[in-house]
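Okay, so here's the structure we're looking at.
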Amino acid sequence: MDRIYLDYAATTPALPEVIAGMLPYFKDNYGNPSSIHSFGQEAKAAIDSSREKIAKSIGAKAEEIVFTSGGTESDNFALEGVAFKNQEKGNHIIVSKIEHHAVLECAEFLGKHGFEVTTLPVDRFGVVNPEDLKKVLTDKTILVSIMHANNEIGTIQPIAELSKIAKEKGIYFHTDAVQSFGHLPINVDKLGIDLLSLSGHKFYGPKGIGALYIKKGTRMVPFLHGGGQERNRRASTENVPGIVGMGIASEIVHLNLTDEINRETVLRDKLINAILKNIPDTILNGHPTERLPNNANFSIKYIEGESILLNLDMLGIAGSSGSACTSGSLDPSHVLLSIGLPHEIAHGSLRLTLGRFTEEKEIDYVIENLPPIVEKLRAMSPIYKKES
Amino acid sequence: MDRIYLDYAATTPALPEVIAGMLPYFKDNYGNPSSIHSFGQEAKAAIDSSREKIAKSIGAKAEEIVFTSGGTESDNFALEGVAFKNQEKGNHIIVSKIEHHAVLECAEFLGKHGFEVTTLPVDRFGVVNPEDLKKVLTDKTILVSIMHANNEIGTIQPIAELSKIAKEKGIYFHTDAVQSFGHLPINVDKLGIDLLSLSGHKFYGPKGIGALYIKKGTRMVPFLHGGGQERNRRASTENVPGIVGMGIASEIVHLNLTDEINRETVLRDKLINAILKNIPDTILNGHPTERLPNNANFSIKYIEGESILLNLDMLGIAGSSGSACTSGSLDPSHVLLSIGLPHEIAHGSLRLTLGRFTEEKEIDYVIENLPPIVEKLRAMSPIYKKES
Amino acid sequence: MPGNYSEKVMEHFKNPRNVGEIPNPDGTGHVGNPVCGDIMEMYIKVKDNVIVDAKFKTFGCGAAIATSSMVTELVKGKTIDEALKISNQTVIDALDGLPPVKRHCSVLAEDALKSAIDDYLKKSTGQGLPGFKPHTEEHHG
Amino acid sequence: MPGNYSEKVMEHFKNPRNVGEIPNPDGTGHVGNPVCGDIMEMYIKVKDNVIVDAKFKTFGCGAAIATSSMVTELVKGKTIDEALKISNQTVIDALDGLPPVKRHCSVLAEDALKSAIDDYLKKSTGQGLPGFKPHTEEHHG
Ligand SMILES: Cc1ncc(COP(=O)(O)O)c(C=O)c1O
Ligand SMILES: Cc1ncc(COP(=O)(O)O)c(C=O)c1O
């Protein structure tokens with residue numbers, strides 16, 4: 001059997017159509033979109049058309065899309081862009097405890113430079129309670145940032161409900177949709193938000209490209225300062241092939257989105273049910289139903305995550321423990337701690353995320369091979385011995 | 001004849017070797033370098049090897065290279081990273097008048113957020129006088145940023161001399177080498193600098209990738225906040241294909257750099273001499289000798305730049321007027337104004353920049369075809385009539 | 001198309017109509033300034049209240065040249081009153097549109113024409129166009 | 001190699017030596033805590049001042065398991081004095097290196113061994129290892 005990739009939440013392969021679509025912009029139509037000559041105008045036409053595609057996929061207007069270098073820049077741009085522009089109006093920002101580090105760390109940076117940050121708790125499924133948001137709004141609040149779906153546990157937030165609360169007070173609302181785009185239908189009006197972050201490589205586009213939806217009229221400063229690209233909102237020579245690739249990817253994932261959601265949900269549930277049934281002392285993290293169709297996240301008690309991953313890798317199975325972005329440190333995930341898991345259980349988490357190329361036989365292979373790994377590691381575990 | 005591209009300073013095509021080297025990282029080895037499994041480790045190995053290549057090309061250590069999304073981010077990172085970290089030490093930043101907008105606009109942003117910015121003048125060739133730098137240093141100065149070679153007029157600054165002045169006072173020195181890398185040999189120790197910006201697409205790498213050299217020990221905060229990538233200095237999933245492509249490009253441009261410098265210099269001088277000789281009322285902008293081997297920048301009096309470009313484009317020749325990054329507005333270039341050109345002469349500038357694929361017959365074609373264009377436009381010009 | 005221009009704009013840029021000066025014109029307009037990067041001069045010949053000839057000289061971008069060319073074309077054969085109805089939007093429409101950053105060129109072209117008519121009226125009636133003041137202050141972008 | 005581990009580390013991770021407990025051990029070490037994500041238990045059997053058997057149980061990452069395995073291998077057949085000379089660096093070297101972020105695991109392995117020897121000395125001589133204090137406070141990374 002080929003290697004089995006179950007880490008689609010960390011990153012995805014670029015689709016063949018995406019690669020084919022990018023190629024001309026590396027070698028033949030390599031012009032700088034700011035240039036007036038034909039090379040430049042070809043490139044400009046390509047990014048304009050890609051902008052239309054992205055806009056259409058979320059129900060926005062083309063001029064509301066700004067291309068960035070990825071989800072992190074989109075998140076940083078949203079927070080710093082609004083913060084540094086609206087500082088006279090207020091200096092209070094609200095985020096949730098389970099935001100991606102790209103939001104949390106940026107909020108922390110702002111916290112050191114004149115802003116107040118409130119961090120909202122979540123319940124044991126990882127859901128923000130709208131009542132909690134109401135309570136912490138002040139007349140100094142300028143921005144609320146709550147993610148659409150969590151990258152680790154897959155929980156989907158009630159964004160429309162949350163954004164309504166902010167909108168009533170005229171407060172900007174940002175949502176990080178890096179994980180939900182291409183896995184859930186998204187409409188910016190229905191979500192009622194002002195800013196929305198995307199990252200190309202999470203939906204079969206290339207790495208190093210992202211976008212920020214900025215609702216018309218949103219007051220913000222650029223994040224990257226320099227040339228007049230992206231109508232003065234994001235300086236730097238446009239990553240033309242990246243932009244083209246992301247546009248193609250967004251079209252493809254939306255072609256048959258409902259079918260793919262259903263297909264992945266069936267596989268995901270097969271995996272979840274089998275693991276919970278076959279491996280004792282295992283819990284599902286995240287919301288039982290309000291979760292991404294491709295996300296399964298377990299805590300497997302008494303053993304540690306990296307050891308599970310290494311054993312899976314030895315069998316050709318790629319999974320993750322906590323967010324891939326921080327797995328270098330393997331500190332217990334802030335998301336798992338936020339939903340109330342004790343440290344040792346947080347350390348034993350396993351995230352398996354599915355994608356377009358996931359087949360049932362791959363899920364079966366995991367279902368078959370995970371239990372013996374767990375058994376082996378538990379036999380070695382000093383805490384298993386004591387508690388069982 | 002094929003189209004003639006003489007806008008290498010705006011951007012360059014990616015080399016075939018660069019594209020070939022990137023491809024596997026889009027489709028087969030698409031893992032996230034932060035992931036522990038084999039997909040991730042393949043990607044990690046690739047970026048480590050690319051880091052070595054970039055480091056080697058400027059005489060730095062691999063761990064001193066941080067990958068970014070391009071020249072703009074590198075410049076913004078250098079300025080904001082140092083500024084926000086060293087604020088207690090001082091709040092004074094020095095730049096030159098002819099920096100790229102990525103430095104100037106970022107300095108302006110910092111100027112609005114607690115920092116003082118001094119802008120150094122240049123002489124009529126675009127050179128910063130070291131004496132001027134000495135005069136404006138204060139005990140609050142934390143950073144000096146002066147570019148290695150200018151993107152519009154090609155003038156090379158005496159960086160080693162300038163950096164020495166800053167170093168003596170323990171002040172960080174940044175240089176934007178986006179235009180010089182791959183056109184001049186660069187050694188960070190010889191230049192005596194702490195920070196150096198690069199952009200991949202200016203030297204036959206892909207767009208949307210860059211690097212910042214950060215000398216070991218330089219105190220700065222991250223610019224992109226989030227995950228722990230790039231040893232906690234630059235968050236966001238690494239643009240693996242982009243990084244790989246930039247590494248390959250840096251190796252190739254350094255293989256036969258001296259030969260290529262000589263080749264381009266001969267062509268450049270042929271172009272410059274012919275234009276100055278064949279077209280009356282034309283001046284060369286920038287330094288006569290201390291200039292990039294591939295840069296020719298003219299002011300063609302009594303006519304306007306865009307009209308020249310459109311006429312050239314009609315003949316298949318791609319040039320630029322002022323910096324490509326801002327040509328959308330066609331405001332007269334701040335660089336040309338800084339070297340003392342009056343507005344109407346600044347409006348009539350034409351930049352032709354050469355590259356690896358530039359052939360002598362292309363230069364000949366331009367030499368042949370530019371004079372009639374100028375004649376036609378001058379015949380139409382109300383100011384030509386009056387002054388001649 | 002280069003610079004985001006319509007084919008019509010490029011066509012007028014390539015082959016501008018009515019370039020030059022009119023010896024002893026009945027009206028001359030001079031608008032724009034080198035700081036902005038656009039200068040237009042317009043010359044008209046008027047017979048029996050009808051503009052029988054118009055010519056221009058322009059220092060400026062592609063749009064400046066194309067709008068100058070177009071406005072001289074539009075104005076020929078028109079009475080002064082008809083000519084005064086030519087607005088910058090008329091010019092834009094006749095050129096199949098202009099990129100937003102180049103709209104000011106059409107304003108300049110309208111001004112050049114009005115300025116020439118103003119000059120003609122002053123010379124012929126002793127009184128210029130009521131309330132006419134060219135937008136020369138307007139800046140790029 | 002996954003996680004930047006050497007082949008030796010992976011080999012010990014795949015086939016860890018001396019997993020388990022020793023019934024009636026002469027010394028037991030218990031170090032680490034669940035907050036850090038690493039817990040090691042080490043058991044030694046001592047005869048005539050020589051460690052004749054060693055076993056471990058570990059909750060932790062790949063490096064934690066590999067260093068536990070390696071330290072039990074290194075220690076078998078050594079006198080107490082010789083065993084005390086095994087430092088975390090000895091373990092790292094024997095494993096052909098560890099990624100920098102994983103060095104703390106080797107410290108934990110050294111501590112687990114010392115802690116077992118300390119326990120043995122206390123039981124046999126009434127006095128533990130002079131000055132011994134495990135680095136249990138040390139945190140990841
Ligand atoms: C929810 C979420 N936000 C932001 C990011 C950052 O995206 P990128 O790594 O593309 O910068 C990620 C992925 O790492 C993510 O999962
Ligand atoms: C000197 C200089 N610095 C910075 C930049 C910005 O680089 P990028 O457009 O790749 O962000 C450029 C090019 O546009 C440049 O020429």
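Note on naming: chains are A, B, ... as they come in the structure tokens, residues start from 1 per chain, ligands start from 1 in the order shown.
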
Report as a Markdown table the residues of chain B within 8 Å of ligand 2, each with its shortest atom pair and distance in Å (one decimal), using only C-alpha atoms and all ligand atoms, ordered by chain and increasing residue number.
| residue | atom | partner | partner_atom_place_in_ligand_line | distance |
| --- | --- | --- | --- | --- |
| B:Ala9 | CA | ligand 2 | 16 (O) | 6.6 |
| B:Ala10 | CA | ligand 2 | 14 (O) | 6.2 |
| B:Thr11 | CA | ligand 2 | 13 (C) | 7.8 |
| B:Ser69 | CA | ligand 2 | 11 (O) | 7.2 |
| B:Gly70 | CA | ligand 2 | 10 (O) | 4.1 |
| B:Gly71 | CA | ligand 2 | 7 (O) | 3.4 |
| B:Thr72 | CA | ligand 2 | 11 (O) | 3.5 |
| B:Glu73 | CA | ligand 2 | 11 (O) | 6.2 |
| B:Ser74 | CA | ligand 2 | 11 (O) | 7.7 |
| B:Asp75 | CA | ligand 2 | 4 (C) | 6.9 |
| B:Glu99 | CA | ligand 2 | 1 (C) | 7.0 |
| B:His100 | CA | ligand 2 | 3 (N) | 5.0 |
| B:His101 | CA | ligand 2 | 4 (C) | 7.3 |
| B:Ala102 | CA | ligand 2 | 4 (C) | 5.7 |
| B:Val103 | CA | ligand 2 | 3 (N) | 7.6 |
| B:Met147 | CA | ligand 2 | 1 (C) | 6.8 |
| B:Ala149 | CA | ligand 2 | 1 (C) | 7.0 |
| B:Asn150 | CA | ligand 2 | 1 (C) | 5.8 |
| B:Asn151 | CA | ligand 2 | 16 (O) | 4.5 |
| B:Glu152 | CA | ligand 2 | 16 (O) | 7.7 |
| B:Asp176 | CA | ligand 2 | 3 (N) | 5.8 |
| B:Ala177 | CA | ligand 2 | 1 (C) | 6.5 |
| B:Val178 | CA | ligand 2 | 2 (C) | 4.9 |
| B:Gln179 | CA | ligand 2 | 1 (C) | 5.2 |
| B:Ser197 | CA | ligand 2 | 3 (N) | 7.7 |
| B:Leu198 | CA | ligand 2 | 7 (O) | 7.7 |
| B:Ser199 | CA | ligand 2 | 10 (O) | 4.8 |
| B:Gly200 | CA | ligand 2 | 10 (O) | 7.0 |
| B:His201 | CA | ligand 2 | 10 (O) | 6.6 |
| B:Lys202 | CA | ligand 2 | 10 (O) | 7.3 |
| B:Lys207 | CA | ligand 2 | 10 (O) | 6.8 |
| B:Gly208 | CA | ligand 2 | 10 (O) | 6.6 |
| B:Ile209 | CA | ligand 2 | 10 (O) | 7.3 |
| B:Gly210 | CA | ligand 2 | 10 (O) | 6.8 |
| B:Ser323 | CA | ligand 2 | 14 (O) | 7.6 |
| B:Ala324 | CA | ligand 2 | 14 (O) | 7.0 |
| B:Cys325 | CA | ligand 2 | 14 (O) | 5.4 |

Keeping N, CA and C atoms, export the residues of the selection given above as an mmCIF file, in the first residue's frame.
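This went into part-v9.cif:
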data_model
loop_
_atom_site.group_PDB
_atom_site.id
_atom_site.type_symbol
_atom_site.label_atom_id
_atom_site.label_comp_id
_atom_site.auth_asym_id
_atom_site.auth_seq_id
_atom_site.Cartn_x
_atom_site.Cartn_y
_atom_site.Cartn_z
ATOM 1 N N ALA B 9 14.559 44.383 -13.859
ATOM 2 C CA ALA B 9 14.530 44.939 -12.500
ATOM 3 C C ALA B 9 13.129 44.846 -11.910
ATOM 4 N N ALA B 10 12.110 44.754 -12.758
ATOM 5 C CA ALA B 10 10.739 44.600 -12.265
ATOM 6 C C ALA B 10 10.520 43.165 -11.811
ATOM 7 N N THR B 11 10.902 42.233 -12.686
ATOM 8 C CA THR B 11 10.843 40.827 -12.312
ATOM 9 C C THR B 11 11.540 40.021 -13.393
ATOM 10 N N SER B 69 8.035 36.345 2.404
ATOM 11 C CA SER B 69 7.226 36.289 1.182
ATOM 12 C C SER B 69 7.756 37.205 0.086
ATOM 13 N N GLY B 70 8.897 37.850 0.301
ATOM 14 C CA GLY B 70 9.448 38.703 -0.752
ATOM 15 C C GLY B 70 10.236 39.863 -0.184
ATOM 16 N N GLY B 71 10.666 40.734 -1.075
ATOM 17 C CA GLY B 71 11.492 41.860 -0.665
ATOM 18 C C GLY B 71 10.762 42.810 0.275
ATOM 19 N N THR B 72 9.501 43.031 0.011
ATOM 20 C CA THR B 72 8.737 43.955 0.844
ATOM 21 C C THR B 72 8.655 43.446 2.279
ATOM 22 N N GLU B 73 8.306 42.164 2.423
ATOM 23 C CA GLU B 73 8.227 41.636 3.786
ATOM 24 C C GLU B 73 9.596 41.679 4.459
ATOM 25 N N SER B 74 10.648 41.358 3.730
ATOM 26 C CA SER B 74 11.982 41.396 4.324
ATOM 27 C C SER B 74 12.298 42.802 4.835
ATOM 28 N N ASP B 75 11.995 43.805 4.023
ATOM 29 C CA ASP B 75 12.247 45.189 4.436
ATOM 30 C C ASP B 75 11.388 45.571 5.648
ATOM 31 N N GLU B 99 15.323 55.119 -0.920
ATOM 32 C CA GLU B 99 14.960 53.733 -0.611
ATOM 33 C C GLU B 99 13.730 53.327 -1.414
ATOM 34 N N HIS B 100 13.579 52.027 -1.550
ATOM 35 C CA HIS B 100 12.351 51.498 -2.139
ATOM 36 C C HIS B 100 11.177 51.842 -1.222
ATOM 37 N N HIS B 101 9.984 51.913 -1.807
ATOM 38 C CA HIS B 101 8.791 52.203 -1.003
ATOM 39 C C HIS B 101 8.623 51.224 0.158
ATOM 40 N N ALA B 102 9.101 50.010 -0.009
ATOM 41 C CA ALA B 102 8.953 49.018 1.053
ATOM 42 C C ALA B 102 9.666 49.462 2.330
ATOM 43 N N VAL B 103 10.705 50.264 2.170
ATOM 44 C CA VAL B 103 11.386 50.823 3.343
ATOM 45 C C VAL B 103 10.745 52.166 3.725
ATOM 46 N N MET B 147 19.849 51.212 1.042
ATOM 47 C CA MET B 147 19.835 50.116 0.079
ATOM 48 C C MET B 147 21.185 49.912 -0.599
ATOM 49 N N ALA B 149 21.748 48.717 -3.880
ATOM 50 C CA ALA B 149 21.704 49.329 -5.212
ATOM 51 C C ALA B 149 20.271 49.722 -5.496
ATOM 52 N N ASN B 150 20.123 50.861 -6.125
ATOM 53 C CA ASN B 150 18.781 51.385 -6.344
ATOM 54 C C ASN B 150 18.071 50.697 -7.503
ATOM 55 N N ASN B 151 16.778 50.466 -7.329
ATOM 56 C CA ASN B 151 15.994 49.755 -8.330
ATOM 57 C C ASN B 151 15.694 50.588 -9.567
ATOM 58 N N GLU B 152 15.711 51.911 -9.454
ATOM 59 C CA GLU B 152 15.373 52.711 -10.623
ATOM 60 C C GLU B 152 16.614 53.137 -11.392
ATOM 61 N N ASP B 176 18.906 46.851 1.800
ATOM 62 C CA ASP B 176 17.992 46.206 0.862
ATOM 63 C C ASP B 176 18.829 45.815 -0.352
ATOM 64 N N ALA B 177 19.075 44.519 -0.484
ATOM 65 C CA ALA B 177 19.915 44.037 -1.584
ATOM 66 C C ALA B 177 19.070 43.350 -2.649
ATOM 67 N N VAL B 178 17.793 43.704 -2.677
ATOM 68 C CA VAL B 178 16.870 43.058 -3.610
ATOM 69 C C VAL B 178 17.346 43.204 -5.057
ATOM 70 N N GLN B 179 17.897 44.374 -5.402
ATOM 71 C CA GLN B 179 18.321 44.589 -6.782
ATOM 72 C C GLN B 179 19.753 44.152 -7.046
ATOM 73 N N SER B 197 18.030 42.276 2.843
ATOM 74 C CA SER B 197 16.788 41.786 2.229
ATOM 75 C C SER B 197 17.025 41.230 0.833
ATOM 76 N N LEU B 198 16.343 40.128 0.541
ATOM 77 C CA LEU B 198 16.396 39.511 -0.787
ATOM 78 C C LEU B 198 14.978 39.212 -1.273
ATOM 79 N N SER B 199 14.823 39.165 -2.591
ATOM 80 C CA SER B 199 13.533 38.786 -3.174
ATOM 81 C C SER B 199 13.768 37.831 -4.336
ATOM 82 N N GLY B 200 13.188 36.639 -4.242
ATOM 83 C CA GLY B 200 13.476 35.567 -5.197
ATOM 84 C C GLY B 200 13.233 35.906 -6.661
ATOM 85 N N HIS B 201 12.136 36.609 -6.938
ATOM 86 C CA HIS B 201 11.767 36.818 -8.348
ATOM 87 C C HIS B 201 12.635 37.844 -9.043
ATOM 88 N N LYS B 202 13.555 38.465 -8.311
ATOM 89 C CA LYS B 202 14.446 39.413 -8.965
ATOM 90 C C LYS B 202 15.699 38.715 -9.484
ATOM 91 N N LYS B 207 8.155 34.211 -7.773
ATOM 92 C CA LYS B 207 7.575 35.336 -7.048
ATOM 93 C C LYS B 207 6.987 34.856 -5.722
ATOM 94 N N GLY B 208 6.888 35.761 -4.770
ATOM 95 C CA GLY B 208 6.239 35.406 -3.508
ATOM 96 C C GLY B 208 7.161 34.730 -2.519
ATOM 97 N N ILE B 209 8.463 34.850 -2.744
ATOM 98 C CA ILE B 209 9.413 34.288 -1.780
ATOM 99 C C ILE B 209 10.592 35.245 -1.661
ATOM 100 N N GLY B 210 11.092 35.393 -0.460
ATOM 101 C CA GLY B 210 12.228 36.253 -0.209
ATOM 102 C C GLY B 210 12.973 35.749 1.003
ATOM 103 N N SER B 323 9.780 53.148 -10.981
ATOM 104 C CA SER B 323 9.716 51.809 -10.415
ATOM 105 C C SER B 323 8.470 51.079 -10.861
ATOM 106 N N ALA B 324 8.641 49.854 -11.290
ATOM 107 C CA ALA B 324 7.499 49.048 -11.720
ATOM 108 C C ALA B 324 6.483 48.913 -10.602
ATOM 109 N N CYS B 325 6.951 48.956 -9.372
ATOM 110 C CA CYS B 325 6.051 48.726 -8.255
ATOM 111 C C CYS B 325 5.025 49.826 -8.127
#

Under the rule of at most 8 Å, produce a per-residue listing of chain B near chain C: chain, number, name, the closest pair of atoms, and the distance in Å, as a Markdown table, using only C-alpha atoms.
| residue | atom | partner | partner_atom | distance |
| --- | --- | --- | --- | --- |
| B:Tyr302 | CA | C:Phe59 | CA | 7.2 |
| B:Ile303 | CA | C:Phe59 | CA | 5.8 |
| B:Glu304 | CA | C:Gly60 | CA | 5.2 |
| B:Gly305 | CA | C:Cys61 | CA | 7.1 |
| B:Glu306 | CA | C:Cys61 | CA | 5.1 |
| B:Ser307 | CA | C:Cys61 | CA | 5.0 |
| B:Leu310 | CA | C:Pro2 | CA | 7.1 |
| B:Asn311 | CA | C:Lys14 | CA | 7.8 |
| B:Asp313 | CA | C:Pro2 | CA | 7.8 |
| B:Ser329 | CA | C:Gly141 | CA | 6.1 |
| B:Asp331 | CA | C:His140 | CA | 7.0 |
| B:Pro332 | CA | C:Gly37 | CA | 7.9 |
| B:His343 | CA | C:Val35 | CA | 5.1 |
| B:Glu344 | CA | C:Pro34 | CA | 4.8 |
| B:His347 | CA | C:Gly37 | CA | 6.0 |
| B:Ala379 | CA | C:Gly20 | CA | 8.0 |
| B:Met380 | CA | C:Lys57 | CA | 5.0 |
| B:Ser381 | CA | C:Phe59 | CA | 4.8 |
| B:Pro382 | CA | C:Lys57 | CA | 5.2 |
| B:Ile383 | CA | C:Phe59 | CA | 7.2 |

Dump as a tab-separated table the rows for residues of chain B within 8 Å of ligand 1: closest atom pair and distance in Å with one decimal, only C-alpha atoms and all ligand atoms counted, ordered by chain and rising residue number.
residue	atom	partner	partner_atom_place_in_ligand_line	distance
B:Gly226	CA	ligand 1	6 (C)	7.5
B:Gly227	CA	ligand 1	14 (O)	7.5
B:Ala235	CA	ligand 1	11 (O)	6.8
B:Ser236	CA	ligand 1	11 (O)	3.5
B:Thr237	CA	ligand 1	9 (O)	3.6
B:Glu238	CA	ligand 1	9 (O)	7.2

Please, could you write that set of residues out with N, CA and C atoms as a CSV table (one decimal), in the first residue's frame?
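This went into selection.csv:
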chain,number,residue,atom,x,y,z
B,226,GLY,N,2.7,34.0,15.0
B,226,GLY,CA,1.9,32.8,14.9
B,226,GLY,C,2.7,31.5,15.3
B,227,GLY,N,2.7,30.5,14.4
B,227,GLY,CA,3.4,29.3,14.8
B,227,GLY,C,4.9,29.4,14.9
B,235,ALA,N,6.4,33.2,11.5
B,235,ALA,CA,5.4,32.2,11.5
B,235,ALA,C,4.8,32.0,10.1
B,236,SER,N,4.1,31.0,9.9
B,236,SER,CA,3.4,30.6,8.7
B,236,SER,C,4.0,29.4,8.0
B,237,THR,N,3.1,28.5,7.5
B,237,THR,CA,3.6,27.3,6.8
B,237,THR,C,4.6,27.8,5.7
B,238,GLU,N,5.7,27.2,5.7
B,238,GLU,CA,6.7,27.6,4.7
B,238,GLU,C,6.3,27.3,3.3

Quick one: everything within 7 Å of Val9 in chain D, counting only C-alpha atoms, minus sequence neighbours fewer than 2 positions away in the same chain. Send it as a CSV table (one decimal) with N, CA and C atoms, in the first residue's frame.
chain,number,residue,atom,x,y,z
D,5,TYR,N,15.3,12.4,13.9
D,5,TYR,CA,16.0,11.5,14.8
D,5,TYR,C,17.1,10.7,14.0
D,6,SER,N,18.1,10.3,14.7
D,6,SER,CA,19.1,9.4,14.1
D,6,SER,C,18.5,8.0,13.9
D,7,GLU,N,19.2,7.3,13.0
D,7,GLU,CA,18.7,5.9,12.8
D,7,GLU,C,18.8,5.1,14.1
D,11,GLU,N,15.9,3.1,15.8
D,11,GLU,CA,16.0,1.7,16.0
D,11,GLU,C,15.6,1.3,17.5
D,12,HIS,N,16.1,2.1,18.4
D,12,HIS,CA,15.7,1.9,19.8
D,12,HIS,C,14.3,2.2,20.1
D,13,PHE,N,13.7,3.1,19.3
D,13,PHE,CA,12.3,3.4,19.5
D,13,PHE,C,11.5,2.3,19.0
D,63,ALA,N,12.1,10.2,21.7
D,63,ALA,CA,13.4,10.3,22.3
D,63,ALA,C,13.4,9.8,23.8
D,66,ALA,N,13.6,6.1,23.5
D,66,ALA,CA,14.9,5.6,23.0
D,66,ALA,C,16.0,5.8,24.1
D,95,LEU,N,23.4,7.2,21.1
D,95,LEU,CA,22.3,7.2,20.2
D,95,LEU,C,22.6,8.0,18.9

Q) If you count only C-alpha atoms, which residues fall within 9 Å of Lys122 in chain C, apart from same-chain ones fewer than 6 positions away, as a list in words? A)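 Listed by chain and then number, they are Gly27, Gly128 and Leu129 of chain C.
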
Report task. Between CA of Leu120 in chain B and CA of Leu137 in chain B, measure the distance and give it in Å to one decimal. Result ->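 That distance, rounded to one decimal, is 11.0 Å.
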
| For chain A, which residue out of B:Asp364, B:Glu105, B:Glu80, B:Glu17 is the nearest one, using only C-alpha atoms? |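 When distances to chain A are compared using only C-alpha atoms, the smallest one comes from B:Glu105.
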